[in-house]
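**Q** Got a structure for you, questions after.
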Amino acid sequence: MSRLHAVPRVDLPNELEGLHELALDLRWTWNHAGDALWRALSADAWERFRNPWLVLQEVPRVTLERLAGDRGFLDALRRLMDERRRYLRDPGWCARTGRAAGLGTVAYFSMEFGLSDGLPLYAGGLGVLAGDYLKTASDLGVPLVAAGLLYVEGYFRQVLDVQGQQQESYPYSDPASLPIEPARTAQGSWLRIPLPLPGRTLWVRVWRAAVGRVTLYLLDTNDPWNSAPDRGITSTLYGGGTDQRFLQEFVLGVAGWRALEALGVPVTVCHLNEGHAAFVVIERARRFMAEAGVSFWDAWWATRAGNVFTTHTPIPAGFDRFPPDLVARHLSQLPGLVDPGGVPSRDLLGLGRQHADDLQEPFSMAHLAMRGCISANGVSRLHGAVSRRIFQPLYPRWPEAEIPVHHVTNGVHMPSWDSAGADALWSEACGKERWRGDVPAAAEMMERISDSRLWEFRTEKCFELVRYARDRLARQVAQQGASPEATARARNVLDPAALTLGFARRMTEYKRPTLLLRDRARLTRLLSDAARPVQIIVAGKAHPADATGKESVRAWTEFAADPAVQGRAIFLEDYDMTLAQELVQGVDVWLNTPRRPWEACGTSGMKVLVNGGLNLSALDGWWDEAYAADLGWAIQGREGQPDAARDAEEAAQLYQLLEEKVVPEFYARDEAGLPRAWLTRMRASMARLAPQFSGNRMMREYVDGMYRPAAETFRRRAADGAHLAKALRTWWGQVGTRWPEIAFGPLEVREEAGDRQFDVTVALGAVDPASVAVELYAPPGANGAPSERVAMTLCARPSDGARYHYRARVSTARPASDYTPRVIPYHPEARVPGEAGFILWQR
């Protein structure tokens, strides 16, 4: 379809053509070798946008022609081009360690991507994590592509009015101003995906963004051939009502998969970053069904093996649910999927329900993802436990510890968040390749950095943060119509030598953004201490429909306007990635106050680690597993209390920690003017925590623990016309049909030579003994003893087919009553209970 125009490129002299290639590779968001070159093109545009693609569009033709004859500029351009080509040619950690062999291509689906403010496709932590994920995959050479949506209005931009109230604006992002290009077919035409919807065809345009070695494909419905409402499907992120949200997720999952197929991407593993993209598991199975000539359920058993799911949600209410008739109408448009001749609609809807036969139950995208993926994970150790509790109803009678959700704790792409000074410091200690594979022994190497060098590095960045905050605040108040005097005062807030606290996040109730404001007089005393000055920079957006979150914004802007703390507390509007980078690079202490266990992970505090900042946080998310007394400070909350009592207790702890621990340690200086205890804590935090919570540690765990096993399992199940998948589906059907025939006889326990012998009989009916496993199970003990699973051995087969005799011997100090026999399904190629959740207990 050639009737649509592509986005035009800037007309560059031939000598400068390489600038297109560099500007369209978002590696400039973390590789700053080219910053000087972009500044040479236009210093004003570079300082304003920090987006090479926009800089190119701002440069006058006469400047381009002058630089085309500038030997120094051309040499710099050539060096950058050579460096980029070396980076792309390098096989990376994944190939060098042999992990790429047999992995194939991973397709990463996410509703949002936070790569840069120059490509504003994110609302918060989920998107920023996804952006860091792509950058890390590029640096490690993981064979990965990604799929998302192109929002021309994105998420809202926050503006504060003169009363400090949040207002929202939705500026339009012209694709010509974004560092993306149309995705091309093999024939060179712009790829457009026809997606059948009830009563019409939706045309979905596909764009391409380069993220180093990784390609991100973005889907866009703003096509002139679509109706006005359909053109707006991908207009805003998390905007609109239920129908728009559903259609966005339908486009992401179904059109996203079709786009990768049309581009010839040979996907082996499909990674769902949250449940938004879960329709991809249905479309992938449907396409496999058509290509392999098998039934949908055979295709489901084959393709499920190649799907993995990451949940980021700490409460069931956070999962997207849709009316079943809305889902059914749209699934019925997919060729060959639904009756006649396909799968009954009721069965498909059952994939997204806790109770498959409850026709009134909404369709849950998270339940679809759990059933359609071979493995699932939470994003911190604590969140893994919370997720097992959330998903336990999908696996009735299974112990919570055995619910098939593990965890891979998030990490951040350190090169995207470290300051220039931090990069130099880490390069001096650990080398320039430290974030592209296994991190060297950082603790030992950081000891080589002197205290004076560490303090100089921190002091310089704090000065830079204060300069940035003053400039941003001055622009902010000027936009509000402030007087020249007020604007001048904004340019003199903060003290570069004072202890600087940072608090920036989504303003929502569970994050308790006003916990520090519970006792304003106490906070005011802390900030206004002339001998030991403390200051705080606050930022954060509330969802447009969140009145409580908006009140939190107003509370902080009101506090910052109090003359008693003016200059010591500021609220910076429109929290974005640019502001986040400045904050995490310059603050001394990062505050986080979520109500445990509602913070799935929370990666903002990880970003200060590489920059020498310290964390003071509630023990939730990642900090629950990172905290140690010599690394930072923790608010020790008690779950189970009423929220008001708990908040009061934890606010008091927060004030006490600041007053008695944080502030005194920061200002305890020796004769050289150095805070030795602070620097010891800072060095330990950098050395021990930055590698542990880096993106490359996270990515290595996904590759080894999820991607490679999924790729191998998918290939086995898909081979030979999906022979193994068919066998598994037959096994599952037979076991499920005959499961009610299984019954236990009495349990006998005897003491023998200090061991306990457990004997039990089991009637299996028509169930093959090879299709089940009989086990003893003991739950976690009250004294901290772990749960136990002990296989029971088949001792005797009945001559009359009535009962089988199973036995187990256990050497244990636990009482016999702790142990209960159970029967569960067994197949060497099946995941239990994820793919077969039947279970029968003896009592």
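In the structure tokens, chains take letters A, B, ... by order of appearance, with residues numbered from 1 within each chain and ligands from 1 in the order shown.
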Residues near A:Met577, anyone? I mean within 7 Å using only C-alpha atoms, not counting same-chain ones fewer than 2 positions away, as a VMD selection string.
**A** chain A and resid 116 to 117 579 to 581
**Q** List every residue of stretch 199-262 of chain A that has an atom at most 10 Å from any atom of stretch 177-195 of chain A, and for each one report the closest atom pair and its distance in Å to one decimal, counting only C-alpha atoms, with rows sorted by chain and then by increasing residue number, as JSON lines.
**A**
```
{"residue": "A:Arg200", "atom": "CA", "partner": "A:Leu195", "partner_atom": "CA", "distance": 8.7}
{"residue": "A:Thr201", "atom": "CA", "partner": "A:Leu195", "partner_atom": "CA", "distance": 5.6}
{"residue": "A:Leu202", "atom": "CA", "partner": "A:Leu195", "partner_atom": "CA", "distance": 5.0}
{"residue": "A:Trp203", "atom": "CA", "partner": "A:Pro194", "partner_atom": "CA", "distance": 4.8}
{"residue": "A:Val204", "atom": "CA", "partner": "A:Ile193", "partner_atom": "CA", "distance": 4.9}
{"residue": "A:Arg205", "atom": "CA", "partner": "A:Arg192", "partner_atom": "CA", "distance": 4.5}
{"residue": "A:Val206", "atom": "CA", "partner": "A:Ala183", "partner_atom": "CA", "distance": 5.5}
{"residue": "A:Trp207", "atom": "CA", "partner": "A:Pro182", "partner_atom": "CA", "distance": 4.3}
{"residue": "A:Arg208", "atom": "CA", "partner": "A:Ala183", "partner_atom": "CA", "distance": 5.0}
{"residue": "A:Ala209", "atom": "CA", "partner": "A:Ile180", "partner_atom": "CA", "distance": 4.8}
{"residue": "A:Ala210", "atom": "CA", "partner": "A:Ile180", "partner_atom": "CA", "distance": 7.6}
{"residue": "A:Leu216", "atom": "CA", "partner": "A:Ile180", "partner_atom": "CA", "distance": 9.4}
{"residue": "A:Tyr217", "atom": "CA", "partner": "A:Ala183", "partner_atom": "CA", "distance": 7.5}
{"residue": "A:Leu218", "atom": "CA", "partner": "A:Ala183", "partner_atom": "CA", "distance": 8.8}
{"residue": "A:Leu219", "atom": "CA", "partner": "A:Arg192", "partner_atom": "CA", "distance": 9.1}
{"residue": "A:Asp220", "atom": "CA", "partner": "A:Arg192", "partner_atom": "CA", "distance": 9.3}
{"residue": "A:Thr221", "atom": "CA", "partner": "A:Arg192", "partner_atom": "CA", "distance": 9.6}
{"residue": "A:Asp223", "atom": "CA", "partner": "A:Arg192", "partner_atom": "CA", "distance": 9.3}
{"residue": "A:Phe250", "atom": "CA", "partner": "A:Leu195", "partner_atom": "CA", "distance": 9.6}
{"residue": "A:Val251", "atom": "CA", "partner": "A:Leu195", "partner_atom": "CA", "distance": 7.9}
{"residue": "A:Val254", "atom": "CA", "partner": "A:Leu195", "partner_atom": "CA", "distance": 8.0}
{"residue": "A:Ala255", "atom": "CA", "partner": "A:Leu195", "partner_atom": "CA", "distance": 6.5}
{"residue": "A:Gly256", "atom": "CA", "partner": "A:Ile193", "partner_atom": "CA", "distance": 8.9}
{"residue": "A:Arg258", "atom": "CA", "partner": "A:Ile193", "partner_atom": "CA", "distance": 7.2}
{"residue": "A:Ala259", "atom": "CA", "partner": "A:Ile193", "partner_atom": "CA", "distance": 6.6}
{"residue": "A:Ala262", "atom": "CA", "partner": "A:Thr185", "partner_atom": "CA", "distance": 7.5}
```
**Q** From the options A:Glu751, A:Asp298, A:Asp161, A:Asp320, which residue's atoms come nearest to A:Thr730, counting only C-alpha atoms?
**A**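 Smallest separation from A:Thr730 among the options: A:Asp298.
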**Q** Find the residues around A:Ala23 up to 10 Å (only C-alpha atoms counted), leave out those fewer than 5 positions away in its own chain, and share them as number ranges by chain.
**A** A: 18, 28, 34, 38, 51-56, 179-180, 210
**Q** Store the residues picked out above in a file with all heavy atoms, as a short mmCIF file (atom, residue, chain, number, x, y, z; two decimals), in the first residue's frame.
**A**
```
data_model
loop_
_atom_site.label_atom_id
_atom_site.label_comp_id
_atom_site.auth_asym_id
_atom_site.auth_seq_id
_atom_site.Cartn_x
_atom_site.Cartn_y
_atom_site.Cartn_z
N GLY A 18 26.04 10.08 7.71
CA GLY A 18 26.12 9.22 8.88
C GLY A 18 25.37 9.75 10.08
O GLY A 18 25.03 9.00 11.01
N TRP A 28 22.27 6.62 21.78
CA TRP A 28 22.74 7.91 22.30
C TRP A 28 22.12 8.23 23.67
O TRP A 28 22.60 9.12 24.37
CB TRP A 28 22.48 9.05 21.32
CG TRP A 28 21.09 9.19 20.74
CD1 TRP A 28 20.70 8.84 19.48
CD2 TRP A 28 19.93 9.75 21.39
NE1 TRP A 28 19.37 9.13 19.30
CE2 TRP A 28 18.87 9.69 20.44
CE3 TRP A 28 19.67 10.28 22.64
CZ2 TRP A 28 17.58 10.15 20.73
CZ3 TRP A 28 18.38 10.74 22.94
CH2 TRP A 28 17.36 10.67 21.99
N GLY A 34 28.94 10.86 21.67
CA GLY A 34 28.58 11.80 20.60
C GLY A 34 28.02 13.12 21.08
O GLY A 34 27.64 13.96 20.27
N TRP A 38 26.84 16.56 18.76
CA TRP A 38 25.48 17.13 18.65
C TRP A 38 25.47 18.57 19.16
O TRP A 38 24.76 19.42 18.62
CB TRP A 38 24.47 16.28 19.41
CG TRP A 38 24.44 14.85 18.95
CD1 TRP A 38 24.77 13.74 19.66
CD2 TRP A 38 24.07 14.40 17.65
NE1 TRP A 38 24.64 12.61 18.90
CE2 TRP A 38 24.20 12.98 17.64
CE3 TRP A 38 23.65 15.02 16.48
CZ2 TRP A 38 23.92 12.20 16.55
CZ3 TRP A 38 23.36 14.25 15.37
CH2 TRP A 38 23.50 12.86 15.40
N ASN A 51 18.09 15.48 22.17
CA ASN A 51 17.52 14.52 21.22
C ASN A 51 18.17 14.80 19.87
O ASN A 51 17.82 15.77 19.19
CB ASN A 51 16.00 14.71 21.15
CG ASN A 51 15.34 13.79 20.13
OD1 ASN A 51 16.00 13.17 19.30
ND2 ASN A 51 14.02 13.72 20.19
N PRO A 52 19.15 13.96 19.45
CA PRO A 52 19.84 14.22 18.19
C PRO A 52 18.92 14.35 16.98
O PRO A 52 19.21 15.12 16.06
CB PRO A 52 20.77 13.01 18.06
CG PRO A 52 21.05 12.59 19.46
CD PRO A 52 19.74 12.82 20.18
N TRP A 53 17.82 13.60 16.97
CA TRP A 53 16.91 13.65 15.83
C TRP A 53 16.27 15.05 15.71
O TRP A 53 16.13 15.58 14.61
CB TRP A 53 15.86 12.57 15.96
CG TRP A 53 15.01 12.38 14.75
CD1 TRP A 53 13.66 12.58 14.63
CD2 TRP A 53 15.43 11.94 13.46
NE1 TRP A 53 13.23 12.29 13.37
CE2 TRP A 53 14.30 11.89 12.62
CE3 TRP A 53 16.68 11.58 12.93
CZ2 TRP A 53 14.36 11.50 11.29
CZ3 TRP A 53 16.74 11.19 11.59
CH2 TRP A 53 15.60 11.16 10.80
N LEU A 54 15.93 15.63 16.86
CA LEU A 54 15.39 16.99 16.84
C LEU A 54 16.49 18.01 16.52
O LEU A 54 16.24 19.01 15.84
CB LEU A 54 14.75 17.33 18.19
CG LEU A 54 13.30 16.91 18.40
CD1 LEU A 54 12.82 17.34 19.77
CD2 LEU A 54 12.41 17.48 17.32
N VAL A 55 17.68 17.77 17.03
CA VAL A 55 18.79 18.68 16.75
C VAL A 55 19.01 18.79 15.24
O VAL A 55 19.16 19.90 14.69
CB VAL A 55 20.08 18.22 17.46
CG1 VAL A 55 21.29 19.01 16.97
CG2 VAL A 55 19.93 18.36 18.97
N LEU A 56 18.99 17.65 14.56
CA LEU A 56 19.19 17.66 13.10
C LEU A 56 18.15 18.53 12.41
O LEU A 56 18.45 19.25 11.45
CB LEU A 56 19.11 16.24 12.54
CG LEU A 56 20.34 15.34 12.67
CD1 LEU A 56 20.11 14.03 11.95
CD2 LEU A 56 21.58 16.03 12.13
N PRO A 179 12.61 9.78 16.94
CA PRO A 179 13.70 9.01 16.33
C PRO A 179 13.24 7.61 15.91
O PRO A 179 13.69 6.60 16.44
CB PRO A 179 14.76 8.96 17.43
CG PRO A 179 13.97 9.04 18.70
CD PRO A 179 12.79 9.92 18.41
N ILE A 180 12.31 7.57 14.97
CA ILE A 180 11.76 6.31 14.47
C ILE A 180 11.63 6.41 12.96
O ILE A 180 11.64 7.50 12.38
CB ILE A 180 10.37 6.00 15.08
CG1 ILE A 180 9.39 7.15 14.79
CG2 ILE A 180 10.48 5.77 16.58
CD1 ILE A 180 7.97 6.89 15.25
N ALA A 210 15.51 1.89 16.57
CA ALA A 210 16.75 1.15 16.82
C ALA A 210 17.23 1.48 18.22
O ALA A 210 17.38 2.65 18.59
CB ALA A 210 17.80 1.52 15.79
#
```
**Q** Rounded to one decimal place, report the atom CA of A:Ile390-atom CA of A:Thr313 distance in Å.
**A**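 The value is 9.5 Å.
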**Q** Hey, what's within 8 Å of A:Ser771 if we count only C-alpha atoms and toss same-chain stuff fewer than 6 positions away? As a list of chain:residue names, please?
**A**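 Once the nearby chain positions are removed, what remains is A:Trp731, A:Val735, A:Pro825, A:Tyr826, A:His827.
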**Q** Filtering to all heavy atoms, could you give me those residues as a PDB file, in the first residue's frame?
**A**
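After the write, again00.pdb holds the following:
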```
ATOM      1  N   TRP A 731      -2.493 -36.760  27.165  1.00  0.00           N
ATOM      2  CA  TRP A 731      -2.240 -37.138  28.562  1.00  0.00           C
ATOM      3  C   TRP A 731      -3.079 -36.298  29.512  1.00  0.00           C
ATOM      4  O   TRP A 731      -3.731 -36.823  30.417  1.00  0.00           O
ATOM      5  CB  TRP A 731      -0.750 -36.963  28.860  1.00  0.00           C
ATOM      6  CG  TRP A 731      -0.414 -36.906  30.321  1.00  0.00           C
ATOM      7  CD1 TRP A 731      -0.257 -37.963  31.161  1.00  0.00           C
ATOM      8  CD2 TRP A 731      -0.204 -35.718  31.109  1.00  0.00           C
ATOM      9  NE1 TRP A 731       0.038 -37.515  32.430  1.00  0.00           N
ATOM     10  CE2 TRP A 731       0.069 -36.150  32.428  1.00  0.00           C
ATOM     11  CE3 TRP A 731      -0.221 -34.365  30.836  1.00  0.00           C
ATOM     12  CZ2 TRP A 731       0.326 -35.242  33.464  1.00  0.00           C
ATOM     13  CZ3 TRP A 731       0.036 -33.469  31.843  1.00  0.00           C
ATOM     14  CH2 TRP A 731       0.303 -33.909  33.157  1.00  0.00           C
ATOM     15  N   VAL A 735      -5.985 -37.815  31.983  1.00  0.00           N
ATOM     16  CA  VAL A 735      -5.826 -37.686  33.436  1.00  0.00           C
ATOM     17  C   VAL A 735      -6.971 -36.862  34.008  1.00  0.00           C
ATOM     18  O   VAL A 735      -7.557 -37.204  35.042  1.00  0.00           O
ATOM     19  CB  VAL A 735      -4.463 -37.059  33.783  1.00  0.00           C
ATOM     20  CG1 VAL A 735      -4.407 -36.699  35.268  1.00  0.00           C
ATOM     21  CG2 VAL A 735      -3.333 -38.014  33.430  1.00  0.00           C
ATOM     22  N   PRO A 825      -0.585 -34.953  39.127  1.00  0.00           N
ATOM     23  CA  PRO A 825      -0.269 -35.475  37.791  1.00  0.00           C
ATOM     24  C   PRO A 825       1.240 -35.553  37.584  1.00  0.00           C
ATOM     25  O   PRO A 825       2.012 -34.800  38.188  1.00  0.00           O
ATOM     26  CB  PRO A 825      -0.892 -34.429  36.857  1.00  0.00           C
ATOM     27  CG  PRO A 825      -1.836 -33.639  37.697  1.00  0.00           C
ATOM     28  CD  PRO A 825      -1.275 -33.664  39.081  1.00  0.00           C
ATOM     29  N   TYR A 826       1.647 -36.450  36.694  1.00  0.00           N
ATOM     30  CA  TYR A 826       3.062 -36.545  36.363  1.00  0.00           C
ATOM     31  C   TYR A 826       3.228 -36.852  34.881  1.00  0.00           C
ATOM     32  O   TYR A 826       2.584 -37.755  34.323  1.00  0.00           O
ATOM     33  CB  TYR A 826       3.767 -37.643  37.159  1.00  0.00           C
ATOM     34  CG  TYR A 826       5.195 -37.842  36.680  1.00  0.00           C
ATOM     35  CD1 TYR A 826       6.195 -36.931  37.026  1.00  0.00           C
ATOM     36  CD2 TYR A 826       5.522 -38.895  35.821  1.00  0.00           C
ATOM     37  CE1 TYR A 826       7.490 -37.068  36.545  1.00  0.00           C
ATOM     38  CE2 TYR A 826       6.824 -39.043  35.334  1.00  0.00           C
ATOM     39  CZ  TYR A 826       7.804 -38.122  35.704  1.00  0.00           C
ATOM     40  OH  TYR A 826       9.075 -38.246  35.215  1.00  0.00           O
ATOM     41  N   HIS A 827       4.080 -36.058  34.248  1.00  0.00           N
ATOM     42  CA  HIS A 827       4.579 -36.328  32.904  1.00  0.00           C
ATOM     43  C   HIS A 827       5.939 -35.670  32.836  1.00  0.00           C
ATOM     44  O   HIS A 827       6.086 -34.514  33.262  1.00  0.00           O
ATOM     45  CB  HIS A 827       3.642 -35.760  31.834  1.00  0.00           C
ATOM     46  CG  HIS A 827       3.977 -36.218  30.444  1.00  0.00           C
ATOM     47  ND1 HIS A 827       5.114 -35.816  29.769  1.00  0.00           N
ATOM     48  CD2 HIS A 827       3.314 -37.054  29.591  1.00  0.00           C
ATOM     49  CE1 HIS A 827       5.140 -36.369  28.572  1.00  0.00           C
ATOM     50  NE2 HIS A 827       4.055 -37.134  28.430  1.00  0.00           N
TER      51      HIS A 827
END
```
**Q** Run DSSP on the backbone of this structure and report the residues of stretch 368-518 of chain A it assigns to strand (DSSP E), as a PyMOL selection string.
**A** chain A and resi 375-378+406-407+499-504
**Q** So, counting only C-alpha atoms, which residue among A:Pro563, A:Gly673, A:Gly421, A:Gly621 is closest to A:Gly586?
**A**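 When distances to A:Gly586 are compared using only C-alpha atoms, the smallest one comes from A:Gly421.
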**Q** Measure the distance from atom CA of A:Gln163 to atom CA of A:Pro484 in Å and round it to one decimal.
**A**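 Distance between the two atoms: 18.2 Å.
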**Q** Under the rule that only C-alpha atoms are counted, which of A:Leu26, A:Ala560, A:Cys601, A:Leu425 is the nearest residue to A:Met446?
**A**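 Nearest candidate to A:Met446 out of A:Leu26, A:Ala560, A:Cys601, A:Leu425: A:Leu425.
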**Q** I'd like the contact shell of A:Ala442 - 10 Å cut-off, only C-alpha atoms, skipping same-chain residues fewer than 4 positions apart - returned as a PyMOL selection string.
**A** chain A and resi 426+429-430+434+446-447+683-684+686-691
**Q** Write out the residues from the selection above, keeping all heavy atoms, as a short mmCIF file (atom, residue, chain, number, x, y, z; two decimals), in the first residue's frame.
**A**
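Dumped everything to result.cif:
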```cif
data_model
loop_
_atom_site.label_atom_id
_atom_site.label_comp_id
_atom_site.auth_asym_id
_atom_site.auth_seq_id
_atom_site.Cartn_x
_atom_site.Cartn_y
_atom_site.Cartn_z
N TRP A 426 33.68 4.60 38.07
CA TRP A 426 33.53 3.16 37.89
C TRP A 426 34.51 2.62 36.85
O TRP A 426 35.02 1.51 36.99
CB TRP A 426 32.10 2.82 37.49
CG TRP A 426 31.15 2.79 38.65
CD1 TRP A 426 30.44 3.82 39.17
CD2 TRP A 426 30.81 1.64 39.45
NE1 TRP A 426 29.68 3.41 40.24
CE2 TRP A 426 29.90 2.08 40.42
CE3 TRP A 426 31.20 0.32 39.44
CZ2 TRP A 426 29.36 1.21 41.38
CZ3 TRP A 426 30.66 -0.55 40.38
CH2 TRP A 426 29.77 -0.10 41.34
N ALA A 429 37.73 2.17 38.52
CA ALA A 429 37.77 1.05 39.47
C ALA A 429 37.59 -0.30 38.80
O ALA A 429 38.28 -1.26 39.15
CB ALA A 429 36.68 1.24 40.53
N CYS A 430 36.66 -0.40 37.84
CA CYS A 430 36.24 -1.72 37.33
C CYS A 430 36.36 -1.87 35.82
O CYS A 430 35.99 -2.92 35.29
CB CYS A 430 34.80 -2.00 37.74
SG CYS A 430 34.50 -1.93 39.51
N ARG A 434 32.28 -3.01 32.35
CA ARG A 434 31.73 -3.62 33.57
C ARG A 434 30.26 -3.96 33.49
O ARG A 434 29.79 -4.86 34.17
CB ARG A 434 31.98 -2.66 34.75
CG ARG A 434 31.28 -1.33 34.56
CD ARG A 434 31.77 -0.26 35.51
NE ARG A 434 31.20 1.04 35.18
CZ ARG A 434 31.64 1.85 34.24
NH1 ARG A 434 32.68 1.48 33.51
NH2 ARG A 434 31.06 3.02 34.01
N MET A 446 36.50 -1.18 44.47
CA MET A 446 36.11 0.12 45.01
C MET A 446 36.98 0.56 46.18
O MET A 446 37.08 1.75 46.48
CB MET A 446 34.64 0.08 45.45
CG MET A 446 33.66 0.39 44.33
SD MET A 446 33.79 2.11 43.79
CE MET A 446 32.77 2.06 42.33
N GLU A 447 37.62 -0.39 46.83
CA GLU A 447 38.52 -0.04 47.93
C GLU A 447 39.71 0.78 47.44
O GLU A 447 40.36 1.48 48.21
CB GLU A 447 39.00 -1.30 48.64
CG GLU A 447 37.95 -2.01 49.47
CD GLU A 447 37.47 -1.16 50.64
OE1 GLU A 447 38.26 -0.33 51.14
OE2 GLU A 447 36.30 -1.31 51.03
N ARG A 683 30.55 3.70 49.91
CA ARG A 683 31.39 2.76 49.16
C ARG A 683 30.80 1.35 49.20
O ARG A 683 30.75 0.65 48.19
CB ARG A 683 32.81 2.74 49.72
CG ARG A 683 33.74 1.78 48.99
CD ARG A 683 35.10 1.73 49.62
NE ARG A 683 35.93 2.86 49.24
CZ ARG A 683 36.22 3.88 50.03
NH1 ARG A 683 35.74 3.91 51.28
NH2 ARG A 683 36.97 4.87 49.61
N ALA A 684 30.31 0.93 50.37
CA ALA A 684 29.72 -0.41 50.50
C ALA A 684 28.46 -0.53 49.66
O ALA A 684 28.23 -1.56 48.99
CB ALA A 684 29.42 -0.70 51.97
N MET A 686 27.67 1.17 46.92
CA MET A 686 28.05 1.13 45.50
C MET A 686 28.59 -0.23 45.12
O MET A 686 28.19 -0.82 44.11
CB MET A 686 29.09 2.21 45.21
CG MET A 686 28.60 3.64 45.36
SD MET A 686 29.90 4.87 45.07
CE MET A 686 30.03 4.82 43.28
N ALA A 687 29.52 -0.74 45.93
CA ALA A 687 30.23 -1.96 45.55
C ALA A 687 29.35 -3.20 45.63
O ALA A 687 29.42 -4.08 44.77
CB ALA A 687 31.45 -2.14 46.45
N ARG A 688 28.51 -3.29 46.66
CA ARG A 688 27.73 -4.51 46.86
C ARG A 688 26.36 -4.47 46.18
O ARG A 688 25.86 -5.50 45.71
CB ARG A 688 27.56 -4.77 48.36
CG ARG A 688 28.83 -5.29 49.00
CD ARG A 688 28.91 -5.04 50.48
NE ARG A 688 27.75 -5.48 51.24
CZ ARG A 688 27.56 -5.20 52.53
NH1 ARG A 688 28.48 -4.47 53.18
NH2 ARG A 688 26.50 -5.62 53.17
N LEU A 689 25.74 -3.30 46.12
CA LEU A 689 24.37 -3.25 45.61
C LEU A 689 24.28 -2.89 44.13
O LEU A 689 23.40 -3.41 43.44
CB LEU A 689 23.55 -2.25 46.43
CG LEU A 689 23.35 -2.60 47.90
CD1 LEU A 689 22.42 -1.59 48.57
CD2 LEU A 689 22.81 -4.02 48.09
N ALA A 690 25.15 -2.02 43.63
CA ALA A 690 25.05 -1.64 42.22
C ALA A 690 25.16 -2.85 41.29
O ALA A 690 24.33 -3.02 40.38
CB ALA A 690 26.09 -0.57 41.88
N PRO A 691 26.14 -3.75 41.47
CA PRO A 691 26.16 -4.93 40.60
C PRO A 691 24.95 -5.84 40.79
O PRO A 691 24.40 -6.39 39.83
CB PRO A 691 27.45 -5.64 41.02
CG PRO A 691 28.29 -4.59 41.64
CD PRO A 691 27.32 -3.68 42.33
#
```
**Q** One decimal, Å: what's the distance from atom CA of A:Trp417 over to atom CA of A:Val608, could you say?
**A**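 Value for the atom CA of A:Trp417-atom CA of A:Val608 distance: 8.0 Å.
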**Q** Env of stretch 515-526 of chain A: 7 Å cut, atoms = only C-alpha atoms, seq-sep filter 5 positions within chain, self excluded. Answer as a VMD selection string.
**A** chain A and resid 534 564 to 565 651
**Q** Just N, CA, C and O atoms for this one: save the residues we selected as a short mmCIF file (atom, residue, chain, number, x, y, z; two decimals), in the first residue's frame.
**A**
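Wrote again-v1.cif, looks like this:
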```cif
data_model
loop_
_atom_site.label_atom_id
_atom_site.label_comp_id
_atom_site.auth_asym_id
_atom_site.auth_seq_id
_atom_site.Cartn_x
_atom_site.Cartn_y
_atom_site.Cartn_z
N VAL A 534 19.36 20.70 55.86
CA VAL A 534 18.79 19.59 55.07
C VAL A 534 17.83 20.22 54.06
O VAL A 534 17.16 21.21 54.36
N ALA A 564 8.79 29.33 55.98
CA ALA A 564 9.72 28.72 56.93
C ALA A 564 10.68 27.74 56.26
O ALA A 564 11.75 27.44 56.80
N VAL A 565 10.30 27.19 55.09
CA VAL A 565 11.16 26.21 54.41
C VAL A 565 11.49 26.65 52.99
O VAL A 565 12.05 25.86 52.23
N ALA A 651 5.90 6.91 60.14
CA ALA A 651 6.33 8.30 59.99
C ALA A 651 7.26 8.69 61.13
O ALA A 651 8.29 9.36 60.92
#
```
**Q** Show which residues sit within 12 Å of A:Arg697, as a PyMOL selection string. Count only C-alpha atoms, and ignore same-chain residues fewer than 6 positions away.
**A** chain A and resi 93+133+136-137+140+408-414+434-440+689-691+703-705
**Q** DSSP on the backbone, helix (DSSP H, G or I) only: what residues of stretch 155-269 of chain A does that give? Format it as a list in words.
**A** Pro175, Ala176, Ser177, Ala228, Pro229, Asp230, Arg231, Thr242, Asp243, Gln244, Arg245, Phe246, Leu247, Gln248, Glu249, Phe250, Val251, Leu252, Gly253, Val254, Ala255, Gly256, Trp257, Arg258, Ala259, Leu260, Glu261 and Ala262 of chain A
**Q** Out of A:Lys135, A:Arg467, A:Arg809, A:Arg287, which residue has the shortest atom-to-atom distance to A:Leu337 when counting only C-alpha atoms?
**A**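 With only C-alpha atoms as the atom set, the closest residue is A:Arg287.
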**Q** Using only C-alpha atoms, which of the listed residues (A:Ser173, A:Ser452, A:Gly72, A:Gly199) sits closest to A:Asp670?
**A**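 Among the listed residues, A:Ser452 lies closest to A:Asp670.
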